[in-house]
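Chemist: Pasting upload-v4.csv below, which is CSV, C-alpha atoms.
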chain,number,residue,atom,x,y,z
J,1,MET,CA,-22.9,50.3,34.0
J,2,ARG,CA,-24.0,51.7,30.6
J,3,ALA,CA,-24.1,49.4,27.6
J,4,LEU,CA,-21.4,49.8,25.0
J,5,LEU,CA,-22.4,52.1,22.1
J,6,LEU,CA,-21.4,50.8,18.7
J,7,GLU,CA,-21.4,52.6,15.3
J,8,ALA,CA,-21.8,50.6,12.1
J,9,TYR,CA,-21.5,51.8,8.5
J,10,ASP,CA,-22.7,50.2,5.3
J,11,ASP,CA,-23.3,51.5,1.8
J,12,GLY,CA,-26.3,51.2,-0.5
J,13,PHE,CA,-26.3,49.4,-3.8
J,14,PHE,CA,-26.3,51.1,-7.2
J,15,PRO,CA,-26.7,50.1,-10.8
J,16,TYR,CA,-23.6,49.2,-12.9
J,17,TYR,CA,-23.8,52.4,-14.9
J,18,PHE,CA,-23.1,54.4,-11.7
J,19,LYS,CA,-19.5,53.0,-11.8
J,20,ALA,CA,-16.5,55.2,-12.6
J,21,ARG,CA,-17.9,58.1,-10.5
J,22,ARG,CA,-21.0,58.5,-12.8
J,23,GLY,CA,-23.4,58.1,-9.9
J,24,LYS,CA,-23.8,58.3,-6.1
J,25,THR,CA,-24.9,56.0,-3.4
J,26,TYR,CA,-25.7,56.2,0.3
J,27,VAL,CA,-23.5,55.5,3.3
J,28,VAL,CA,-25.6,54.9,6.4
J,29,GLY,CA,-24.2,55.2,9.9
J,30,VAL,CA,-26.1,53.8,12.8
J,31,GLU,CA,-25.5,54.2,16.6
J,32,VAL,CA,-26.6,51.1,18.5
J,33,GLU,CA,-26.7,50.6,22.3
J,34,GLY,CA,-25.9,47.1,23.4
J,35,PRO,CA,-26.4,44.5,20.6
J,36,SER,CA,-29.5,46.0,19.0
J,37,LEU,CA,-31.1,49.1,20.4
J,38,LEU,CA,-31.0,51.7,17.6
J,39,ARG,CA,-30.3,55.2,18.9
J,40,LYS,CA,-29.4,57.2,15.9
J,41,VAL,CA,-29.2,57.0,12.1
J,42,VAL,CA,-27.2,59.4,9.9
J,43,VAL,CA,-27.1,59.2,6.1
J,44,GLY,CA,-24.4,60.5,3.8
J,45,VAL,CA,-24.0,60.4,0.0
J,46,VAL,CA,-20.8,59.4,-1.8
J,47,LYS,CA,-19.6,59.0,-5.3
J,48,VAL,CA,-19.4,55.5,-6.6
J,49,ASP,CA,-15.7,54.5,-7.1
J,50,GLY,CA,-14.8,57.9,-5.6
J,51,ARG,CA,-12.5,58.6,-2.7
J,52,ASP,CA,-14.9,60.4,-0.3
J,53,THR,CA,-16.4,57.5,1.8
J,54,LEU,CA,-13.7,57.7,4.5
J,55,GLY,CA,-14.3,61.5,4.9
J,56,VAL,CA,-18.1,61.0,5.0
J,57,ILE,CA,-17.8,58.3,7.7
J,58,LYS,CA,-15.5,60.5,9.7
J,59,ASP,CA,-18.0,63.4,9.5
J,60,ILE,CA,-20.9,61.1,10.4
J,61,SER,CA,-18.9,59.7,13.3
J,62,LYS,CA,-18.5,63.2,14.8
J,63,SER,CA,-22.2,63.2,15.5
J,64,MET,CA,-22.2,59.8,17.0
J,65,SER,CA,-21.3,58.7,20.5
J,66,GLY,CA,-20.1,55.2,19.7
J,67,GLN,CA,-16.9,53.8,21.3
J,68,VAL,CA,-16.3,51.2,18.6
J,69,ILE,CA,-16.9,51.4,14.8
J,70,LEU,CA,-18.0,48.3,12.8
J,71,LEU,CA,-17.2,48.1,9.1
J,72,ASP,CA,-18.4,45.6,6.5
J,73,GLY,CA,-15.0,45.0,4.9
J,74,VAL,CA,-12.9,47.9,3.7
J,75,ILE,CA,-14.4,48.3,0.2
J,76,TYR,CA,-17.3,50.7,-0.1
J,77,ALA,CA,-19.3,52.4,-2.9
J,78,GLY,CA,-17.8,50.3,-5.7
J,79,PHE,CA,-14.0,50.4,-5.2
J,80,ASP,CA,-13.6,53.2,-2.6
J,81,VAL,CA,-11.5,52.0,0.3
J,82,ILE,CA,-11.7,52.7,4.0
J,83,ASP,CA,-8.4,52.6,5.9
J,84,PRO,CA,-9.3,51.4,9.4
J,85,HIS,CA,-6.1,52.9,10.8
J,86,GLU,CA,-6.8,56.3,9.5
J,87,LEU,CA,-10.4,56.0,10.7
J,88,HIS,CA,-9.2,55.0,14.2
J,89,SER,CA,-6.6,57.8,14.4
J,90,SER,CA,-9.0,60.5,13.3
J,91,THR,CA,-11.9,59.4,15.5
J,92,GLY,CA,-10.2,57.9,18.5
J,93,LYS,CA,-12.6,55.0,18.3
J,94,GLY,CA,-11.7,51.4,18.0
J,95,VAL,CA,-12.5,49.9,14.5
J,96,ILE,CA,-13.6,46.3,13.8
J,97,VAL,CA,-13.6,45.2,10.2
J,98,VAL,CA,-15.8,42.1,9.5
J,99,GLN,CA,-15.3,40.3,6.2
J,100,LEU,CA,-18.3,38.1,5.5
J,101,TYR,CA,-17.0,36.5,2.3
J,102,PRO,CA,-13.5,35.6,1.1
J,103,LEU,CA,-11.9,38.1,-1.2
J,104,ASN,CA,-10.1,37.2,-4.4
J,105,LEU,CA,-7.1,39.6,-4.1
J,106,ASN,CA,-5.8,38.8,-7.6
J,107,SER,CA,-9.1,39.7,-9.2
J,108,ILE,CA,-9.4,42.9,-7.2
J,109,GLN,CA,-5.9,43.9,-8.1
J,110,ARG,CA,-6.5,43.4,-11.8
J,111,ALA,CA,-9.8,45.4,-11.7
J,112,LEU,CA,-8.2,48.2,-9.8
J,113,GLN,CA,-5.2,48.3,-12.2
J,114,GLU,CA,-7.6,48.4,-15.2
J,115,HIS,CA,-9.7,51.3,-13.9
J,116,PHE,CA,-7.8,53.5,-11.4
J,117,GLU,CA,-4.7,55.5,-11.6
J,118,ASP,CA,-4.3,55.3,-7.8
J,119,TRP,CA,-4.9,51.5,-7.9
J,120,SER,CA,-1.8,50.7,-5.8
J,121,GLU,CA,-2.9,53.0,-3.0
J,122,ARG,CA,-6.4,51.5,-2.9
J,123,PHE,CA,-5.1,47.9,-3.2
J,124,SER,CA,-2.4,48.3,-0.5
J,125,VAL,CA,-5.2,49.1,2.1
J,126,ILE,CA,-7.2,46.1,1.0
J,127,ARG,CA,-4.3,43.7,0.9
J,128,ASP,CA,-2.8,45.0,4.2
J,129,VAL,CA,-6.0,44.6,6.1
J,130,TYR,CA,-7.1,41.4,4.5
J,131,SER,CA,-3.7,39.7,5.0
J,132,LYS,CA,-3.9,40.3,8.7
J,133,MET,CA,-7.5,39.2,9.2
J,134,VAL,CA,-8.2,36.3,11.6
J,135,ARG,CA,-10.7,33.6,10.9
J,136,VAL,CA,-13.3,33.5,13.6
J,137,GLU,CA,-15.9,30.7,14.0
J,138,THR,CA,-19.5,31.7,14.6
J,139,PRO,CA,-22.6,29.4,15.1
J,140,TRP,CA,-23.4,30.2,11.5
J,141,ARG,CA,-20.1,30.2,9.6
J,142,ILE,CA,-16.5,31.4,9.7
J,143,LEU,CA,-15.9,35.2,9.5
J,144,GLU,CA,-12.7,37.1,8.9
J,145,VAL,CA,-12.0,39.8,11.4
J,146,TYR,CA,-9.5,42.6,11.8
J,147,SER,CA,-9.4,45.2,14.5
J,148,THR,CA,-7.4,48.4,15.4
J,149,GLY,CA,-7.6,50.6,18.4
J,150,LEU,CA,-8.8,47.8,20.7
J,151,SER,CA,-7.5,44.3,21.6
J,152,PHE,CA,-8.5,41.4,19.5
J,153,SER,CA,-10.1,39.8,22.5
J,154,GLU,CA,-12.3,42.9,23.0
J,155,ALA,CA,-13.2,42.8,19.3
J,156,LEU,CA,-14.3,39.1,19.7
J,157,SER,CA,-16.3,39.9,22.8
J,158,ILE,CA,-18.2,42.7,20.9
J,159,LEU,CA,-18.8,40.4,18.0
J,160,LYS,CA,-20.0,37.6,20.2
J,161,GLU,CA,-22.6,39.9,21.8
J,162,SER,CA,-23.7,41.6,18.6
J,163,CYS,CA,-24.1,38.6,16.3
J,164,ILE,CA,-27.7,37.7,17.3
J,165,TYR,CA,-29.5,36.3,14.3
J,166,SER,CA,-26.6,35.7,11.9
J,167,PRO,CA,-22.9,36.0,11.5
J,168,VAL,CA,-23.5,39.7,10.6
J,169,PRO,CA,-23.2,41.9,13.7
J,170,GLU,CA,-26.7,43.4,14.4
J,171,PRO,CA,-25.5,47.0,14.0
J,172,LEU,CA,-24.1,46.2,10.6
J,173,ARG,CA,-27.3,44.4,9.6
J,174,ILE,CA,-29.3,47.4,10.6
J,175,ALA,CA,-27.1,49.8,8.6
J,176,ASP,CA,-27.3,47.5,5.6
J,177,LYS,CA,-31.1,47.3,5.7
J,178,ILE,CA,-31.4,51.1,5.9
J,179,ALA,CA,-28.9,51.7,3.1
J,180,SER,CA,-30.6,49.1,0.9
J,181,ALA,CA,-34.0,50.6,1.5
J,182,LEU,CA,-32.8,54.1,0.7
J,183,SER,CA,-31.2,52.8,-2.5
J,184,LYS,CA,-34.4,51.1,-3.6
J,185,ILE,CA,-36.4,54.3,-3.0
J,186,HIS,CA,-33.8,56.3,-5.0
J,187,MET,CA,-33.7,53.8,-7.9
J,188,ASN,CA,-37.5,53.8,-8.1
J,189,LYS,CA,-37.5,57.6,-8.4
J,190,LEU,CA,-35.0,57.3,-11.3
J,191,HIS,CA,-37.4,55.1,-13.3
Would you put the structure from the file into C-alpha cells?

Modeler:
Amino acid sequence: MRALLLEAYDDGFFPYYFKARRGKTYVVGVEVEGPSLLRKVVVGVVKVDGRDTLGVIKDISKSMSGQVILLDGVIYAGFDVIDPHELHSSTGKGVIVVQLYPLNLNSIQRALQEHFEDWSERFSVIRDVYSKMVRVETPWRILEVYSTGLSFSEALSILKESCIYSPVPEPLRIADKIASALSKIHMNKLH
C-alpha cells in the first residue's frame, strides 16, 4: 500500500512595515510522502494582511497530489485568514489545522476591528475554528487540533505519525523552514 501523501502550507516572516498590504511574503506548499519524504515544493507570493492566501493555497494544491492538507493555524501573512471548510470543499482534500500556541481571541478581535473593514468576516473564521479545536496531548506538549473532510480519529492518526521530532508535524516543519529561508534571502536583498 502506498504511503499517505500530505500537503502542508506555511508562510514566511516579514518586517512590521509590510503590514497593511504594504509588502508581500511567501506561502510555501510542500508535498510529503509518509511522515517526512519531501516530494514537491511550490512557492507562492501573497500580500501581507491581504485576502489572497486562500486562493494561492488552492492554486498550489492543484499541482499537488496530497490527500490531506496541514495548516499551521488559520491566520497567515499577517491577518489573512484561511477558511478550512472552503479549502476542503474546493480541493476535495481533508484539512487538519494545528494550533501550536493558544490564541487570545479578545486581542485578535480588537486588532482586526482597528485595522480592517472586513474584520467581522476574518474574525468569524478564526473564532469558529478555534472554538471547536480539541486539545491533544503529544510527548512534547498539548496542541489544539481541528479537522474537516476526515474523521477526528483519522486526523489524530496522521498527526501521531507525522510528529517525529517535535509537536510540529514534520510536513509543517519543512514548509516553515523553507518559507523562513526564502524570507531571509528576500530581506537580505532589500538591505

Chemist: Counting all atoms listed in the file, which of J:Val32, J:Leu159, J:Val74, J:Thr91 gets nearest to J:Ile60?

Modeler: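 Among the listed residues, the smallest separation from J:Ile60 belongs to J:Thr91.
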
Chemist: Which one is closest to J:Ser120: J:Leu100, J:Ile174, J:Val81, J:Val45? Count only C-alpha atoms.

Modeler: J:Val81

Chemist: Could you tell me how far atom CA of J:Met133 sits from atom CA of J:Lys24, in Å to one decimal place?

Modeler: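 A separation of 29.4 Å between them.
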
Chemist: So, counting only C-alpha atoms, which residue among J:Glu161, J:Glu154, J:Asp176, J:Asp83 is closest to J:Val43?

Modeler: J:Asp176

Chemist: Which neighbours of J:Ile126 fall inside 12 Å, counting only C-alpha atoms, when residues of the same chain fewer than 5 positions from it are skipped, and could you give them as a PyMOL selection string?

Modeler: chain J and resi 73-76+79-85+97+99+103-106+108-109+112+119-121+131-133+146

Chemist: Mind checking which residues fall within 10 Å of J:Ser166, counting all atoms listed in the file, ignoring those fewer than 4 positions away in the same chain, and posting them as a CSV table (one decimal) with C-alpha atoms, keeping the file's coordinate frame?

Modeler:
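Contents of the output file out25.csv:
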chain,number,residue,atom,x,y,z
J,138,THR,CA,-19.5,31.7,14.6
J,139,PRO,CA,-22.6,29.4,15.1
J,140,TRP,CA,-23.4,30.2,11.5
J,141,ARG,CA,-20.1,30.2,9.6
J,162,SER,CA,-23.7,41.6,18.6
J,170,GLU,CA,-26.7,43.4,14.4
J,173,ARG,CA,-27.3,44.4,9.6

Chemist: Show me, as a PyMOL selection string, the residues that have an atom within 7 Å of J:Val27 when counting all atoms listed in the file, minus same-chain residues fewer than 6 positions from it.

Modeler: chain J and resi 9-12+43-46+179

Chemist: Considering only C-alpha atoms, state which residue in the set J:Leu5, J:Lys184, J:Phe123, J:Thr53 is at the smallest distance from J:Val28.

Modeler: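 Looking at the shortest contact to J:Val28, the residue is J:Thr53.
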
Chemist: Residues within 12 Å of J:Gln67, please, as a ChimeraX atom specification. Count only C-alpha atoms; anything in the same chain fewer than 5 positions from it doesn't count.

Modeler: /J:2-8,31-34,61-62,88,91-96,149-150,154-155,158

Chemist: So the first atom is atom CA of J:Val30 and the second is atom CA of J:Ser153; what is the distance between them in Å, to one decimal place?

Modeler: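 Distance reported for this atom pair: 23.4 Å.
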
Chemist: Using Å and a single decimal, report how far atom CA of J:Pro171 sits from atom CA of J:Leu37.

Modeler: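 According to the coordinates, atom CA of J:Leu37 and atom CA of J:Pro171 are separated by 8.8 Å.
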
Chemist: Of the residues J:Ser90, J:Cys163, J:Ser180, J:Ile185, which is the one nearest to J:Ser36, using all atoms listed in the file?

Modeler: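 Among the listed residues, the smallest separation from J:Ser36 belongs to J:Cys163.
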
Chemist: Check the smallest atom-to-atom distance from each of J:Arg122, J:Thr148, J:Arg110, J:Lys47 to J:Leu87 using all atoms listed in the file, then report the winner.

Modeler: J:Thr148

Chemist: Emit a file covering stretch 6-123 of chain J of the preceding structure with C-alpha atoms, as a short mmCIF file (atom, residue, chain, number, x, y, z; two decimals), in the first residue's frame.

Modeler:
data_model
loop_
_atom_site.label_atom_id
_atom_site.label_comp_id
_atom_site.auth_asym_id
_atom_site.auth_seq_id
_atom_site.Cartn_x
_atom_site.Cartn_y
_atom_site.Cartn_z
CA LEU J 6 0.35 15.08 2.90
CA GLU J 7 0.41 18.71 1.86
CA ALA J 8 1.49 21.38 4.32
CA TYR J 9 1.43 25.17 3.99
CA ASP J 10 3.22 27.85 5.95
CA ASP J 11 4.07 31.48 5.40
CA GLY J 12 7.32 33.37 5.63
CA PHE J 13 8.03 36.18 8.04
CA PHE J 14 8.13 39.86 7.09
CA PRO J 15 9.06 43.16 8.70
CA TYR J 16 6.40 45.18 10.50
CA TYR J 17 6.40 47.88 7.81
CA PHE J 18 5.00 45.30 5.34
CA LYS J 19 1.72 45.30 7.32
CA ALA J 20 -1.48 46.84 5.89
CA ARG J 21 -0.79 45.38 2.45
CA ARG J 22 2.45 47.37 2.03
CA GLY J 23 4.54 44.27 1.36
CA LYS J 24 4.44 40.65 0.32
CA THR J 25 5.56 37.37 1.82
CA TYR J 26 5.91 33.79 0.72
CA VAL J 27 3.50 30.91 1.14
CA VAL J 28 5.23 27.56 0.74
CA GLY J 29 3.41 24.34 -0.02
CA VAL J 30 5.15 21.02 0.38
CA GLU J 31 4.06 17.54 -0.62
CA VAL J 32 5.40 14.89 1.72
CA GLU J 33 5.11 11.11 1.45
CA GLY J 34 4.71 9.31 4.75
CA PRO J 35 5.91 11.36 7.65
CA SER J 36 8.95 13.05 6.08
CA LEU J 37 9.86 12.20 2.45
CA LEU J 38 9.74 15.54 0.62
CA ARG J 39 8.38 15.07 -2.91
CA LYS J 40 7.49 18.56 -4.08
CA VAL J 41 7.84 22.23 -3.08
CA VAL J 42 5.74 25.02 -4.59
CA VAL J 43 6.12 28.68 -3.64
CA GLY J 44 3.53 31.44 -3.89
CA VAL J 45 3.60 35.12 -3.01
CA VAL J 46 0.82 36.89 -1.09
CA LYS J 47 0.13 40.39 0.21
CA VAL J 48 0.67 40.84 3.92
CA ASP J 49 -2.77 41.40 5.53
CA GLY J 50 -4.41 40.80 2.15
CA ARG J 51 -7.11 38.28 1.31
CA ASP J 52 -5.27 36.22 -1.31
CA THR J 53 -3.62 33.42 0.72
CA LEU J 54 -6.57 31.02 0.43
CA GLY J 55 -6.61 31.43 -3.37
CA VAL J 56 -2.84 30.92 -3.59
CA ILE J 57 -3.05 27.75 -1.47
CA LYS J 58 -5.91 26.44 -3.63
CA ASP J 59 -3.82 27.07 -6.76
CA ILE J 60 -0.74 25.40 -5.27
CA SER J 61 -2.84 22.43 -4.14
CA LYS J 62 -3.97 21.81 -7.75
CA SER J 63 -0.36 20.90 -8.59
CA MET J 64 -0.03 18.63 -5.55
CA SER J 65 -1.19 15.04 -5.07
CA GLY J 66 -1.78 15.12 -1.32
CA GLN J 67 -4.88 13.58 0.19
CA VAL J 68 -4.76 15.71 3.36
CA ILE J 69 -3.72 19.34 3.92
CA LEU J 70 -1.99 20.50 7.10
CA LEU J 71 -2.29 24.14 8.17
CA ASP J 72 -0.38 25.96 10.90
CA GLY J 73 -3.44 27.69 12.37
CA VAL J 74 -5.82 29.69 10.17
CA ILE J 75 -4.03 33.07 10.33
CA TYR J 76 -1.46 33.60 7.57
CA ALA J 77 0.54 36.53 6.16
CA GLY J 78 -0.29 38.93 8.96
CA PHE J 79 -4.06 38.81 9.39
CA ASP J 80 -5.15 36.94 6.27
CA VAL J 81 -7.44 34.06 7.18
CA ILE J 82 -7.74 30.55 5.71
CA ASP J 83 -11.21 29.02 5.98
CA PRO J 84 -10.54 25.27 6.26
CA HIS J 85 -14.09 24.42 5.14
CA GLU J 86 -13.73 26.42 1.94
CA LEU J 87 -10.29 24.88 1.35
CA HIS J 88 -11.73 21.38 1.83
CA SER J 89 -14.76 21.98 -0.39
CA SER J 90 -12.70 23.50 -3.21
CA THR J 91 -9.89 20.89 -3.16
CA GLY J 92 -11.77 17.78 -2.02
CA LYS J 93 -8.92 17.14 0.42
CA GLY J 94 -9.20 16.71 4.16
CA VAL J 95 -7.82 19.62 6.18
CA ILE J 96 -6.12 19.45 9.59
CA VAL J 97 -5.49 22.72 11.41
CA VAL J 98 -2.80 22.57 14.09
CA GLN J 99 -2.61 25.41 16.61
CA LEU J 100 0.73 25.30 18.40
CA TYR J 101 0.12 28.19 20.80
CA PRO J 102 -3.09 29.41 22.45
CA LEU J 103 -4.76 32.41 20.83
CA ASN J 104 -6.06 35.45 22.67
CA LEU J 105 -9.32 35.95 20.80
CA ASN J 106 -10.08 39.27 22.51
CA SER J 107 -6.76 40.78 21.39
CA ILE J 108 -7.21 39.42 17.88
CA GLN J 109 -10.72 40.85 17.65
CA ARG J 110 -9.55 44.30 18.84
CA ALA J 111 -6.66 44.32 16.34
CA LEU J 112 -8.93 43.28 13.49
CA GLN J 113 -11.58 45.89 14.41
CA GLU J 114 -8.89 48.57 14.50
CA HIS J 115 -7.36 47.79 11.12
CA PHE J 116 -9.83 46.05 8.80
CA GLU J 117 -13.22 46.97 7.41
CA ASP J 118 -13.97 43.26 6.93
CA TRP J 119 -12.85 42.44 10.48
CA SER J 120 -16.02 40.51 11.38
CA GLU J 121 -15.62 38.17 8.40
CA ARG J 122 -11.99 37.47 9.26
CA PHE J 123 -12.71 37.10 12.97
#
